[in-house]
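K.L.:
Data file my_file04.csv (CSV, C-alpha atoms) is appended below.
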chain,number,residue,atom,x,y,z
E,1,MET,CA,-27.6,12.5,1.0
E,2,ALA,CA,-29.7,9.7,-0.5
E,3,LEU,CA,-29.1,11.0,-4.1
E,4,TYR,CA,-25.4,11.3,-3.4
E,5,VAL,CA,-25.3,7.6,-2.2
E,6,ILE,CA,-27.1,6.5,-5.3
E,7,TYR,CA,-24.5,8.5,-7.4
E,8,CYS,CA,-21.6,6.8,-5.6
E,9,ARG,CA,-23.1,3.3,-5.8
E,10,THR,CA,-23.9,3.7,-9.5
E,11,PHE,CA,-20.3,4.9,-10.2
E,12,GLN,CA,-18.9,1.9,-8.3
E,13,TRP,CA,-21.1,-0.5,-10.2
E,14,VAL,CA,-20.1,0.9,-13.5
E,15,MET,CA,-16.4,0.7,-12.5
E,16,LYS,CA,-16.7,-2.9,-11.3
E,17,LEU,CA,-17.9,-3.8,-14.8
E,18,ALA,CA,-15.5,-1.6,-16.7
E,19,VAL,CA,-12.3,-2.9,-15.0
E,20,ASN,CA,-13.0,-6.4,-16.4
E,21,PHE,CA,-11.6,-5.0,-19.6
E,22,LEU,CA,-8.2,-4.0,-18.0
E,23,ASP,CA,-5.0,-6.0,-17.9
E,24,TRP,CA,-4.8,-7.7,-14.5
E,25,SER,CA,-1.6,-9.7,-15.2
E,26,GLU,CA,0.3,-10.2,-12.0
E,27,PRO,CA,4.1,-9.6,-11.8
E,28,GLN,CA,6.5,-12.4,-12.6
E,29,LEU,CA,7.9,-13.5,-9.2
E,30,LEU,CA,11.2,-14.4,-7.8
E,31,GLN,CA,10.7,-15.5,-4.2
E,32,GLY,CA,12.3,-17.1,-1.3
E,33,ALA,CA,15.6,-16.6,0.6
E,34,ASN,CA,18.3,-15.3,-1.7
E,35,SER,CA,16.0,-14.8,-4.6
E,36,LEU,CA,17.5,-11.4,-5.1
E,37,ARG,CA,20.5,-13.1,-6.5
E,38,GLU,CA,18.4,-14.4,-9.4
E,39,LEU,CA,17.4,-10.9,-10.5
E,40,PRO,CA,20.6,-9.8,-12.4
E,41,ALA,CA,20.4,-12.9,-14.7
E,42,LEU,CA,16.7,-12.1,-15.4
E,43,ILE,CA,17.6,-8.5,-16.3
E,44,LYS,CA,20.5,-9.6,-18.5
E,45,SER,CA,18.2,-12.0,-20.4
E,46,LEU,CA,15.9,-9.2,-21.3
E,47,GLY,CA,18.7,-7.3,-23.1
E,48,LEU,CA,18.3,-4.1,-21.2
E,49,LYS,CA,21.1,-1.5,-21.6
E,50,LYS,CA,21.0,0.5,-18.3
E,51,LEU,CA,18.9,0.5,-15.2
E,52,LEU,CA,18.0,3.3,-12.8
E,53,ILE,CA,17.8,1.8,-9.3
E,54,VAL,CA,15.5,4.0,-7.1
E,55,THR,CA,16.2,3.6,-3.4
E,56,ASP,CA,17.0,5.7,-0.3
E,57,ARG,CA,20.0,6.7,1.7
E,58,GLU,CA,19.1,4.6,4.8
E,59,LEU,CA,19.1,1.4,2.7
E,60,MET,CA,22.4,2.4,1.1
E,61,ARG,CA,23.8,3.0,4.6
E,62,LEU,CA,22.7,-0.4,5.6
E,63,GLY,CA,24.2,-1.9,2.5
E,64,LEU,CA,21.0,-3.8,1.5
E,65,PRO,CA,21.3,-3.0,-2.3
E,66,GLN,CA,25.0,-4.1,-2.4
E,67,PRO,CA,24.3,-7.8,-3.4
E,68,LEU,CA,22.2,-6.4,-6.3
E,69,PHE,CA,24.9,-4.0,-7.4
E,70,GLN,CA,27.5,-6.8,-7.3
E,71,GLY,CA,25.3,-9.2,-9.2
E,72,LEU,CA,24.6,-6.6,-11.9
E,73,GLU,CA,28.3,-5.9,-12.3
E,74,GLN,CA,29.1,-9.6,-12.6
E,75,ALA,CA,26.4,-10.0,-15.2
E,76,GLY,CA,27.7,-7.0,-17.1
E,77,VAL,CA,24.5,-4.9,-16.7
E,78,ALA,CA,25.0,-1.1,-16.4
E,79,PHE,CA,23.1,0.8,-13.8
E,80,ALA,CA,22.8,4.2,-12.1
E,81,VAL,CA,21.5,4.8,-8.6
E,82,PHE,CA,19.1,7.4,-7.3
E,83,ASP,CA,19.3,7.2,-3.5
E,84,GLU,CA,17.6,10.5,-2.7
E,85,THR,CA,14.1,9.1,-2.3
E,86,CYS,CA,12.5,10.9,0.7
E,87,GLN,CA,9.8,9.4,3.0
E,88,ASN,CA,6.6,10.1,1.2
E,89,PRO,CA,8.1,11.2,-2.2
E,90,THR,CA,7.2,14.6,-3.3
E,91,ILE,CA,6.6,16.0,-6.8
E,92,GLU,CA,10.0,17.6,-6.7
E,93,ASN,CA,11.7,14.4,-5.5
E,94,ILE,CA,10.1,12.3,-8.3
E,95,GLU,CA,11.1,14.9,-10.9
E,96,ARG,CA,14.7,14.8,-9.7
E,97,ALA,CA,14.7,11.0,-10.1
E,98,ARG,CA,13.2,11.4,-13.6
E,99,LYS,CA,16.0,13.8,-14.6
E,100,ARG,CA,18.5,11.2,-13.4
E,101,TYR,CA,16.9,8.5,-15.5
E,102,LEU,CA,17.1,10.7,-18.6
E,103,ASP,CA,20.6,12.1,-18.0
E,104,GLU,CA,21.9,8.5,-17.6
E,105,SER,CA,20.0,7.3,-20.7
E,106,CYS,CA,18.4,4.5,-18.8
E,107,ASP,CA,15.8,2.1,-20.3
E,108,ALA,CA,14.5,0.3,-17.2
E,109,LEU,CA,13.5,1.0,-13.6
E,110,VAL,CA,14.3,-1.0,-10.4
E,111,ALA,CA,12.5,0.1,-7.2
E,112,PHE,CA,14.4,-1.1,-4.2
E,113,GLY,CA,12.9,-0.4,-0.8
E,114,GLY,CA,9.6,0.2,1.0
E,115,GLY,CA,6.6,2.1,-0.2
E,116,SER,CA,8.5,5.4,-0.8
E,117,PRO,CA,11.0,4.1,-3.4
E,118,MET,CA,8.2,2.2,-5.1
E,119,ASP,CA,6.0,5.3,-5.3
E,120,CYS,CA,8.9,7.4,-6.5
E,121,ALA,CA,9.8,4.9,-9.3
E,122,LYS,CA,6.2,4.6,-10.3
E,123,GLY,CA,6.0,8.4,-10.5
E,124,VAL,CA,9.1,8.4,-12.7
E,125,GLY,CA,7.6,5.9,-15.0
E,126,ALA,CA,4.4,7.8,-15.3
E,127,ARG,CA,6.2,11.0,-16.2
E,128,LEU,CA,8.4,9.2,-18.7
E,129,VAL,CA,5.5,8.0,-20.7
E,130,ARG,CA,3.4,11.1,-20.2
E,131,PRO,CA,6.1,13.8,-20.5
E,132,THR,CA,3.6,16.6,-21.3
E,133,LYS,CA,1.5,15.9,-18.2
E,134,SER,CA,2.4,17.0,-14.6
E,135,LEU,CA,2.0,14.6,-11.7
E,136,ALA,CA,-1.0,16.6,-10.6
E,137,GLN,CA,-2.6,16.0,-14.0
E,138,LEU,CA,-2.0,12.3,-13.7
E,139,ARG,CA,-3.8,12.2,-10.3
E,140,GLY,CA,-6.7,9.8,-10.0
E,141,LEU,CA,-7.9,7.0,-12.2
E,142,LEU,CA,-6.6,5.8,-15.6
E,143,LYS,CA,-4.7,8.9,-16.5
E,144,ILE,CA,-1.5,7.2,-17.8
E,145,ARG,CA,-2.7,4.4,-20.1
E,146,ARG,CA,0.7,3.8,-21.7
E,147,ARG,CA,3.2,1.0,-21.1
E,148,LEU,CA,6.0,2.0,-18.7
E,149,PRO,CA,9.7,1.0,-19.3
E,150,PRO,CA,10.5,-2.5,-17.9
E,151,PHE,CA,9.9,-2.2,-14.1
E,152,PHE,CA,11.3,-4.4,-11.4
E,153,ALA,CA,10.2,-4.1,-7.7
E,154,VAL,CA,12.2,-5.3,-4.8
E,155,PRO,CA,10.3,-4.7,-1.5
E,156,THR,CA,12.3,-4.5,1.7
E,157,THR,CA,9.2,-4.1,4.0
E,158,ALA,CA,6.1,-6.3,4.2
E,159,GLY,CA,3.3,-3.9,4.1
E,160,THR,CA,2.6,-1.7,1.1
E,161,GLY,CA,2.2,-4.5,-1.5
E,162,SER,CA,3.4,-1.9,-4.0
E,163,GLU,CA,5.2,-4.6,-6.0
E,164,THR,CA,1.9,-5.8,-7.3
E,165,THR,CA,-0.4,-2.7,-7.2
E,166,LEU,CA,-1.5,-0.2,-9.8
E,167,ALA,CA,-1.3,2.6,-7.3
E,168,ALA,CA,1.3,5.2,-6.5
E,169,VAL,CA,1.0,7.9,-3.8
E,170,VAL,CA,2.5,11.4,-4.4
E,171,THR,CA,3.0,14.0,-1.7
E,172,ASP,CA,2.3,17.7,-2.5
E,173,PRO,CA,3.9,19.8,0.3
E,174,GLU,CA,2.3,23.0,-0.9
E,175,ALA,CA,-1.2,21.6,-0.6
E,176,GLN,CA,-0.2,19.5,2.4
E,177,GLU,CA,-1.8,16.4,1.0
E,178,LYS,CA,-1.1,13.1,-0.6
E,179,TYR,CA,-2.9,11.8,-3.6
E,180,PRO,CA,-3.0,8.5,-5.5
E,181,MET,CA,-2.4,7.7,-9.1
E,182,ASN,CA,-4.2,4.5,-10.2
E,183,ASP,CA,-3.5,2.9,-13.5
E,184,PRO,CA,-2.6,-0.7,-14.5
E,185,ALA,CA,0.4,0.7,-16.3
E,186,LEU,CA,2.0,1.4,-12.9
E,187,ARG,CA,2.0,-2.3,-11.9
E,188,PRO,CA,5.5,-3.7,-11.9
E,189,LYS,CA,6.1,-6.6,-14.4
E,190,TYR,CA,8.6,-8.3,-12.1
E,191,ALA,CA,8.9,-8.6,-8.3
E,192,VAL,CA,11.4,-10.1,-5.9
E,193,LEU,CA,10.1,-11.4,-2.5
E,194,ASP,CA,13.3,-12.1,-0.6
E,195,PRO,CA,12.7,-12.3,3.1
E,196,LEU,CA,16.4,-11.8,3.9
E,197,LEU,CA,15.9,-8.1,2.9
E,198,THR,CA,13.3,-7.7,5.7
E,199,ILE,CA,15.3,-9.3,8.6
E,200,GLY,CA,16.7,-6.0,9.9
E,201,LEU,CA,13.5,-4.1,10.0
E,202,PRO,CA,13.0,-2.2,13.4
E,203,LYS,CA,10.1,-3.4,15.5
E,204,HIS,CA,8.1,-0.2,15.0
E,205,ILE,CA,8.4,-0.5,11.2
E,206,THR,CA,7.6,-4.2,11.3
E,207,ALA,CA,4.4,-3.4,13.2
E,208,ALA,CA,3.3,-0.4,11.1
E,209,THR,CA,3.9,-2.0,7.7
E,210,GLY,CA,2.3,-5.3,8.9
E,211,MET,CA,-0.8,-3.4,9.9
E,212,ASP,CA,-0.8,-1.5,6.6
E,213,ALA,CA,-1.0,-4.9,4.9
E,214,LEU,CA,-3.8,-5.9,7.1
E,215,THR,CA,-5.7,-2.7,6.3
E,216,HIS,CA,-5.3,-3.4,2.6
E,217,ALA,CA,-6.7,-6.9,3.0
E,218,VAL,CA,-9.6,-5.9,5.3
E,219,GLU,CA,-10.7,-2.8,3.3
E,220,ALA,CA,-10.6,-4.8,0.1
E,221,PHE,CA,-12.6,-7.7,1.5
E,222,ILE,CA,-15.4,-5.7,3.1
E,223,GLY,CA,-15.9,-3.5,0.0
E,224,ARG,CA,-18.4,-4.1,-2.7
E,225,SER,CA,-16.1,-4.6,-5.7
E,226,ASN,CA,-14.5,-8.1,-5.0
E,227,THR,CA,-13.9,-10.9,-7.3
E,228,LYS,CA,-13.4,-14.6,-6.2
E,229,ASN,CA,-9.6,-14.0,-6.6
E,230,THR,CA,-9.5,-10.8,-4.5
E,231,GLU,CA,-11.6,-12.5,-1.8
E,232,ALA,CA,-9.3,-15.5,-1.7
E,233,ARG,CA,-6.2,-13.4,-1.6
E,234,ALA,CA,-7.6,-11.1,1.1
E,235,LEU,CA,-8.6,-14.0,3.3
E,236,GLU,CA,-5.2,-15.6,2.9
E,237,ALA,CA,-3.4,-12.4,3.7
E,238,VAL,CA,-5.4,-12.0,6.9
E,239,ARG,CA,-4.7,-15.6,7.9
E,240,LEU,CA,-0.9,-15.1,7.4
E,241,ILE,CA,-0.8,-11.7,9.2
E,242,PHE,CA,-2.6,-13.0,12.3
E,243,ALA,CA,-0.3,-16.0,12.3
E,244,ASN,CA,3.0,-14.2,11.8
E,245,LEU,CA,3.0,-10.5,12.4
E,246,GLU,CA,3.4,-10.6,16.2
E,247,THR,CA,6.0,-13.4,15.8
E,248,VAL,CA,8.2,-11.2,13.6
E,249,TYR,CA,7.6,-8.2,15.9
E,250,GLU,CA,9.0,-10.2,18.8
E,251,ASP,CA,11.6,-12.1,16.8
E,252,GLY,CA,12.7,-10.2,13.7
E,253,LYS,CA,15.1,-12.9,12.6
E,254,ASN,CA,12.4,-15.5,12.2
E,255,LEU,CA,12.9,-16.2,8.5
E,256,PRO,CA,9.8,-18.3,7.8
E,257,ALA,CA,7.6,-15.7,9.5
E,258,ARG,CA,9.3,-12.9,7.5
E,259,GLU,CA,8.7,-14.9,4.3
E,260,ALA,CA,5.0,-15.4,5.3
E,261,MET,CA,4.6,-11.6,5.9
E,262,LEU,CA,6.0,-10.8,2.5
E,263,ARG,CA,3.5,-13.2,0.9
E,264,ALA,CA,0.7,-11.6,3.0
E,265,SER,CA,1.6,-8.2,1.8
E,266,TYR,CA,1.7,-9.4,-1.8
E,267,PHE,CA,-1.7,-11.1,-1.5
E,268,ALA,CA,-3.2,-8.0,0.2
E,269,GLY,CA,-1.8,-5.9,-2.6
E,270,ILE,CA,-3.4,-8.1,-5.2
E,271,ALA,CA,-6.7,-7.8,-3.4
E,272,PHE,CA,-6.9,-4.0,-3.0
E,273,THR,CA,-5.4,-3.2,-6.4
E,274,ARG,CA,-8.6,-4.7,-7.9
E,275,ALA,CA,-11.1,-4.3,-5.1
E,276,TYR,CA,-9.9,-0.9,-3.8
E,277,VAL,CA,-9.4,0.4,-0.2
E,278,GLY,CA,-11.6,2.6,1.9
E,279,TYR,CA,-11.9,5.4,4.4
E,280,CYS,CA,-8.8,4.3,6.4
E,281,HIS,CA,-6.6,5.1,3.4
E,282,ALA,CA,-8.5,8.2,2.4
E,283,VAL,CA,-8.0,9.8,5.9
E,284,ALA,CA,-4.5,8.4,6.3
E,285,HIS,CA,-3.3,10.1,3.2
E,286,LYS,CA,-4.4,13.5,4.4
E,287,LEU,CA,-2.9,12.9,7.9
E,288,GLY,CA,0.4,12.0,6.2
E,289,GLY,CA,0.3,15.1,4.0
E,290,LEU,CA,-0.8,17.4,6.8
E,291,TYR,CA,1.0,16.1,9.9
E,292,HIS,CA,3.6,13.6,8.4
E,293,VAL,CA,2.1,10.6,10.1
E,294,PRO,CA,3.7,7.4,8.7
E,295,HIS,CA,1.1,5.8,6.4
E,296,GLY,CA,1.1,2.3,8.0
E,297,LEU,CA,0.8,3.8,11.5
E,298,ALA,CA,-2.1,6.0,10.5
E,299,ASN,CA,-3.9,3.0,9.0
E,300,ALA,CA,-3.3,0.9,12.1
E,301,ILE,CA,-4.8,3.5,14.3
E,302,LEU,CA,-7.8,4.2,12.0
E,303,LEU,CA,-8.7,0.6,11.2
E,304,PRO,CA,-10.7,-0.5,14.3
E,305,HIS,CA,-12.4,2.9,14.5
E,306,VAL,CA,-13.6,2.8,10.9
E,307,LEU,CA,-14.7,-0.8,11.3
E,308,ASP,CA,-16.7,0.2,14.4
E,309,TYR,CA,-18.4,2.9,12.3
E,310,PHE,CA,-19.5,0.4,9.6
E,311,GLY,CA,-21.5,-1.6,12.1
E,312,GLU,CA,-24.0,-4.0,10.7
E,313,SER,CA,-23.1,-3.1,7.1
E,314,ALA,CA,-19.8,-5.0,7.5
E,315,GLN,CA,-20.7,-7.6,10.0
E,316,ALA,CA,-21.1,-10.6,7.6
E,317,ARG,CA,-17.7,-9.9,6.0
E,318,LEU,CA,-15.9,-9.2,9.3
E,319,ALA,CA,-17.3,-12.5,10.6
E,320,LEU,CA,-15.6,-14.3,7.7
E,321,LEU,CA,-12.4,-12.5,8.5
E,322,ALA,CA,-12.6,-13.6,12.1
E,323,LYS,CA,-12.7,-17.2,10.9
E,324,ALA,CA,-9.8,-16.6,8.6
E,325,ALA,CA,-7.8,-15.0,11.4
E,326,GLY,CA,-8.4,-18.1,13.6
E,327,ILE,CA,-10.1,-16.2,16.4
E,328,ALA,CA,-13.7,-17.6,15.9
E,329,LYS,CA,-15.3,-19.5,18.7
E,330,GLN,CA,-18.0,-22.1,18.2
E,331,GLY,CA,-21.5,-20.8,18.6
E,332,GLN,CA,-20.6,-17.1,18.2
E,333,SER,CA,-23.1,-15.0,16.2
E,334,GLN,CA,-22.2,-13.0,13.2
E,335,ALA,CA,-22.2,-9.8,15.3
E,336,GLU,CA,-20.1,-11.4,18.0
E,337,LEU,CA,-17.5,-12.6,15.4
E,338,ALA,CA,-17.3,-9.2,13.9
E,339,ALA,CA,-16.8,-7.6,17.3
E,340,ALA,CA,-14.2,-10.1,18.2
E,341,PHE,CA,-12.3,-9.4,14.9
E,342,ILE,CA,-12.2,-5.7,15.7
E,343,GLU,CA,-11.1,-6.3,19.2
E,344,ALA,CA,-8.4,-8.6,18.0
E,345,ILE,CA,-7.0,-5.7,15.8
E,346,ARG,CA,-7.1,-3.4,18.9
E,347,GLY,CA,-5.2,-6.1,20.9
E,348,MET,CA,-2.5,-6.5,18.2
E,349,ASN,CA,-2.1,-2.7,18.1
E,350,ARG,CA,-1.7,-2.5,21.9
E,351,ARG,CA,0.8,-5.4,22.1
E,352,MET,CA,2.9,-3.8,19.4
E,353,GLY,CA,2.9,-0.3,21.0
E,354,ILE,CA,0.6,1.4,18.4
E,355,PRO,CA,-1.4,4.2,20.1
E,356,GLU,CA,-5.2,4.3,20.1
E,357,GLY,CA,-5.4,7.8,18.6
E,358,PHE,CA,-3.5,10.8,17.2
E,359,GLU,CA,-2.0,13.6,19.2
E,360,CYS,CA,-1.5,15.7,16.1
E,361,ILE,CA,-5.1,16.2,14.9
E,362,ARG,CA,-6.2,19.8,15.5
E,363,GLU,CA,-10.0,20.4,15.7
E,364,ALA,CA,-9.7,23.4,13.3
E,365,ASP,CA,-8.2,21.1,10.6
E,366,ILE,CA,-11.0,18.6,10.6
E,367,PRO,CA,-13.0,20.2,7.8
E,368,GLU,CA,-9.8,20.2,5.6
E,369,ILE,CA,-9.2,16.5,6.5
E,370,ILE,CA,-12.7,15.6,5.5
E,371,ASP,CA,-12.5,17.5,2.2
E,372,ALA,CA,-9.4,15.6,1.2
E,373,ALA,CA,-10.6,12.2,2.4
E,374,PHE,CA,-13.9,12.5,0.6
E,375,LYS,CA,-12.2,13.8,-2.6
E,376,GLU,CA,-10.3,10.6,-2.6
E,377,ALA,CA,-12.9,8.2,-1.4
E,378,HIS,CA,-16.0,9.4,-3.3
E,379,PRO,CA,-17.3,8.2,-5.6
E,380,LEU,CA,-14.7,5.5,-6.2
E,381,TYR,CA,-14.2,3.5,-3.0
E,382,PRO,CA,-16.9,0.8,-2.7
E,383,VAL,CA,-17.1,1.0,1.2
E,384,PRO,CA,-19.9,-0.9,3.1
E,385,LYS,CA,-21.5,2.3,4.2
E,386,ILE,CA,-21.0,5.8,2.9
E,387,MET,CA,-20.0,8.4,5.5
E,388,THR,CA,-21.6,11.9,5.9
E,389,ARG,CA,-19.4,14.8,6.8
E,390,ALA,CA,-20.9,14.6,10.3
E,391,ASP,CA,-19.9,10.9,10.6
E,392,CYS,CA,-16.4,11.7,9.6
E,393,ALA,CA,-16.1,14.6,11.9
E,394,ALA,CA,-17.3,12.5,14.9
E,395,LEU,CA,-14.8,9.8,14.0
E,396,LEU,CA,-11.9,12.3,13.9
E,397,LEU,CA,-12.9,13.9,17.2
E,398,ARG,CA,-12.9,10.4,18.8
E,399,LEU,CA,-9.4,9.8,17.4
E,400,ARG,CA,-8.0,13.0,19.0
E,401,MET,CA,-5.8,11.9,22.0
E,402,ASP,CA,-6.8,15.0,23.9
E,403,GLY,CA,-10.4,14.9,22.6
Show the structure stored in the file as structure tokens.
P.N.:
Amino acid sequence: MALYVIYCRTFQWVMKLAVNFLDWSEPQLLQGANSLRELPALIKSLGLKKLLIVTDRELMRLGLPQPLFQGLEQAGVAFAVFDETCQNPTIENIERARKRYLDESCDALVAFGGGSPMDCAKGVGARLVRPTKSLAQLRGLLKIRRRLPPFFAVPTTAGTGSETTLAAVVTDPEAQEKYPMNDPALRPKYAVLDPLLTIGLPKHITAATGMDALTHAVEAFIGRSNTKNTEARALEAVRLIFANLETVYEDGKNLPAREAMLRASYFAGIAFTRAYVGYCHAVAHKLGGLYHVPHGLANAILLPHVLDYFGESAQARLALLAKAAGIAKQGQSQAELAAAFIEAIRGMNRRMGIPEGFECIREADIPEIIDAAFKEAHPLYPVPKIMTRADCAALLLRLRMDG
């Protein structure tokens, strides 16, 4: 195990140096209430011929994309719509969207929705510029390395941060797993943060996506690959989430709080796209692929348990997060601050109806879950402490609701 830890840490150190040579330009932002109305004029100014708007049928049913459609029509910008994005887009789902893009002779992509339309659109873009490679062959790190068509992201949830990340998650139903593609080419060039698009989110989605954003910020901050910028963005995301998530959970029409949560999700996305995530995401991706657990919900449940596991290795960083969250009390030790932060996460979960564990985990599946999680996490994720298989098995057993 000692040699394996050395291998992982060496790989992470090399990656931390190497990524300094990548393009970390952040998206051009349109933000604030009604900022969606500004997007058609921006698109028009770029001289694009035809867009493919990637969304889903629920958003179409709710009519959320209609203002965008109307604005594009008024601006004289042609577009086609792919509204068949499924929750956790599959290889086949992405390929159908790609075919629509080609059949319609499009030259740009707009992702409109939550994490699923974002992932689907990113998958389309990856396949467009790497037509001879399958999505499975583009799995992992820096496999695309070619500029995507102009890419606009319009999030309707405050959680994934996909409008500013270099990551896309693909679901493989046959293998019963999800896997990430990570490449700066996948980062949208333009993003719209319009809080009016999040006003109608149901409470359970508000909770799960908000905790997803918190997990991004926390896992990025406690990892070993931070920069000054990622640290600052993660701290600000944590501050905003603790100040606003339960407010929007109880009062979904609170526009300032909705706007704050969109900023928090965006900042957390900036943090983890450079500093990476950790075991919460690695395990959550497999639970999503195997049992169809929503990603944000899985992260919310996993987060306090994984932080407990890290113990002293994460105490100093968690103490700083406790201060950012506004829960620190004068005179508390580093260990007490860290424990208070973890308990505050558990408290938020309880108050928002998020369970403490999973009813779906079967003990017989645990070796498969560990295999998938470690394949994703090792050697890339710069976590505070590297798990053994026994550590991960014990964690999963504790998470079983009947265990």
K.L.:
Which one is closest to Ala33 of chain E: E:Asp194, E:Glu359, E:Glu343, E:Glu246? Count all atoms listed in the file.
P.N.:
E:Asp194
K.L.:
Please list as a VMD selection string every residue within 7 Å of segment 120-129 of chain E, counting all atoms listed in the file and excluding residues in the same chain fewer than 5 positions away.
P.N.:
chain E and resid 54 85 89 94 97 to 98 109 111 144 146 148 to 149 168 186
K.L.:
Please list as a PDB file with C-alpha atoms, keeping the file's coordinate frame every residue within 12 Å of Pro117 of chain E, counting all atoms listed in the file and excluding residues in the same chain fewer than 3 positions away.
P.N.:
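This is the output file part34.pdb:
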ATOM      1  CA  LEU E  52      18.000   3.300 -12.800  1.00  0.00           C
ATOM      2  CA  ILE E  53      17.800   1.800  -9.300  1.00  0.00           C
ATOM      3  CA  VAL E  54      15.500   4.000  -7.100  1.00  0.00           C
ATOM      4  CA  THR E  55      16.200   3.600  -3.400  1.00  0.00           C
ATOM      5  CA  ASP E  56      17.000   5.700  -0.300  1.00  0.00           C
ATOM      6  CA  ARG E  57      20.000   6.700   1.700  1.00  0.00           C
ATOM      7  CA  GLU E  58      19.100   4.600   4.800  1.00  0.00           C
ATOM      8  CA  LEU E  59      19.100   1.400   2.700  1.00  0.00           C
ATOM      9  CA  VAL E  81      21.500   4.800  -8.600  1.00  0.00           C
ATOM     10  CA  PHE E  82      19.100   7.400  -7.300  1.00  0.00           C
ATOM     11  CA  ASP E  83      19.300   7.200  -3.500  1.00  0.00           C
ATOM     12  CA  GLU E  84      17.600  10.500  -2.700  1.00  0.00           C
ATOM     13  CA  THR E  85      14.100   9.100  -2.300  1.00  0.00           C
ATOM     14  CA  CYS E  86      12.500  10.900   0.700  1.00  0.00           C
ATOM     15  CA  GLN E  87       9.800   9.400   3.000  1.00  0.00           C
ATOM     16  CA  ASN E  88       6.600  10.100   1.200  1.00  0.00           C
ATOM     17  CA  PRO E  89       8.100  11.200  -2.200  1.00  0.00           C
ATOM     18  CA  THR E  90       7.200  14.600  -3.300  1.00  0.00           C
ATOM     19  CA  ASN E  93      11.700  14.400  -5.500  1.00  0.00           C
ATOM     20  CA  ILE E  94      10.100  12.300  -8.300  1.00  0.00           C
ATOM     21  CA  ALA E  97      14.700  11.000 -10.100  1.00  0.00           C
ATOM     22  CA  LEU E 109      13.500   1.000 -13.600  1.00  0.00           C
ATOM     23  CA  VAL E 110      14.300  -1.000 -10.400  1.00  0.00           C
ATOM     24  CA  ALA E 111      12.500   0.100  -7.200  1.00  0.00           C
ATOM     25  CA  PHE E 112      14.400  -1.100  -4.200  1.00  0.00           C
ATOM     26  CA  GLY E 113      12.900  -0.400  -0.800  1.00  0.00           C
ATOM     27  CA  GLY E 114       9.600   0.200   1.000  1.00  0.00           C
ATOM     28  CA  CYS E 120       8.900   7.400  -6.500  1.00  0.00           C
ATOM     29  CA  ALA E 121       9.800   4.900  -9.300  1.00  0.00           C
ATOM     30  CA  LYS E 122       6.200   4.600 -10.300  1.00  0.00           C
ATOM     31  CA  GLY E 123       6.000   8.400 -10.500  1.00  0.00           C
ATOM     32  CA  VAL E 124       9.100   8.400 -12.700  1.00  0.00           C
ATOM     33  CA  PHE E 152      11.300  -4.400 -11.400  1.00  0.00           C
ATOM     34  CA  ALA E 153      10.200  -4.100  -7.700  1.00  0.00           C
ATOM     35  CA  VAL E 154      12.200  -5.300  -4.800  1.00  0.00           C
ATOM     36  CA  PRO E 155      10.300  -4.700  -1.500  1.00  0.00           C
ATOM     37  CA  THR E 156      12.300  -4.500   1.700  1.00  0.00           C
ATOM     38  CA  THR E 157       9.200  -4.100   4.000  1.00  0.00           C
ATOM     39  CA  THR E 160       2.600  -1.700   1.100  1.00  0.00           C
ATOM     40  CA  SER E 162       3.400  -1.900  -4.000  1.00  0.00           C
ATOM     41  CA  GLU E 163       5.200  -4.600  -6.000  1.00  0.00           C
ATOM     42  CA  ALA E 168       1.300   5.200  -6.500  1.00  0.00           C
ATOM     43  CA  VAL E 169       1.000   7.900  -3.800  1.00  0.00           C
ATOM     44  CA  VAL E 170       2.500  11.400  -4.400  1.00  0.00           C
TER      45      VAL E 170
END
K.L.:
Which polymer residues, whether protein, DNA or RNA, lie within 10 Å of the coordinate (-9.8, -7.2, -4.2) when you count all atoms listed in the file? List them as JSON, numbers by chain, using the chain letters and numbers from the file.
P.N.:
{"E": [216, 217, 218, 219, 220, 221, 222, 223, 224, 225, 226, 227, 228, 229, 230, 231, 232, 233, 234, 267, 268, 269, 270, 271, 272, 273, 274, 275, 276, 277]}
K.L.:
How many Å separate atom CA of Leu287 of chain E from atom CA of Arg187 of chain E?
P.N.:
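Computed distance, atom CA of Leu287 of chain E to atom CA of Arg187 of chain E, equals 25.4 Å.
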K.L.:
So which residues fall inside 12 Å of (-7.7, 13.8, 5.3) if we count all atoms listed in the file? Mind giving them as a ChimeraX atom specification?
P.N.:
/E:175-179,279-293,295,298,302,361-362,365-377,389,392-393,395-396
K.L.:
Between atom CA of Leu318 of chain E and atom CA of Glu336 of chain E, what is the distance in Å, rounded to a tenth?
P.N.:
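A separation of 9.9 Å between them.
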K.L.:
In Å, how far is it from atom CA of Ala335 of chain E to atom CA of Val306 of chain E?
P.N.:
15.9 Å
K.L.:
Hey, which of E:Ala328, E:Glu236, E:Asn244, E:Ala75 ends up closest to Leu42 of chain E? Count only C-alpha atoms.
P.N.:
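Using only C-alpha atoms, Leu42 of chain E sits closest to E:Ala75.
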K.L.:
Taking only C-alpha atoms into account, name the residue in E:Val19, E:Pro131, E:Ser333, E:Leu197 that is nearest to Gln66 of chain E.
P.N.:
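With only C-alpha atoms as the atom set, the closest residue is E:Leu197.
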K.L.:
Compile the contact shell of Gly347 of chain E as a list in words: residues with an atom at most 12 Å away, counting all atoms listed in the file, same-chain residues fewer than 6 positions apart removed.
P.N.:
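That gives Phe242, Glu246, Ala300, Ile301, Pro304, Ala340, Phe341, Gly353, Ile354, Pro355 and Glu356 of chain E.
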K.L.:
Would you list the contacts of Ala167 of chain E as a list in words, taking every protein, DNA or RNA residue within 7 Å and counting all atoms listed in the file, but skipping same-chain residues closer than 6 positions in sequence?
P.N.:
Pro180, Met181, Asn182, Asp183 and Leu186 of chain E
K.L.:
Point out the residue among E:Asp172, E:Glu363, E:Glu250, E:Glu95 with the least atom-to-atom distance to His204 of chain E, counting all atoms listed in the file.
P.N.:
E:Glu250
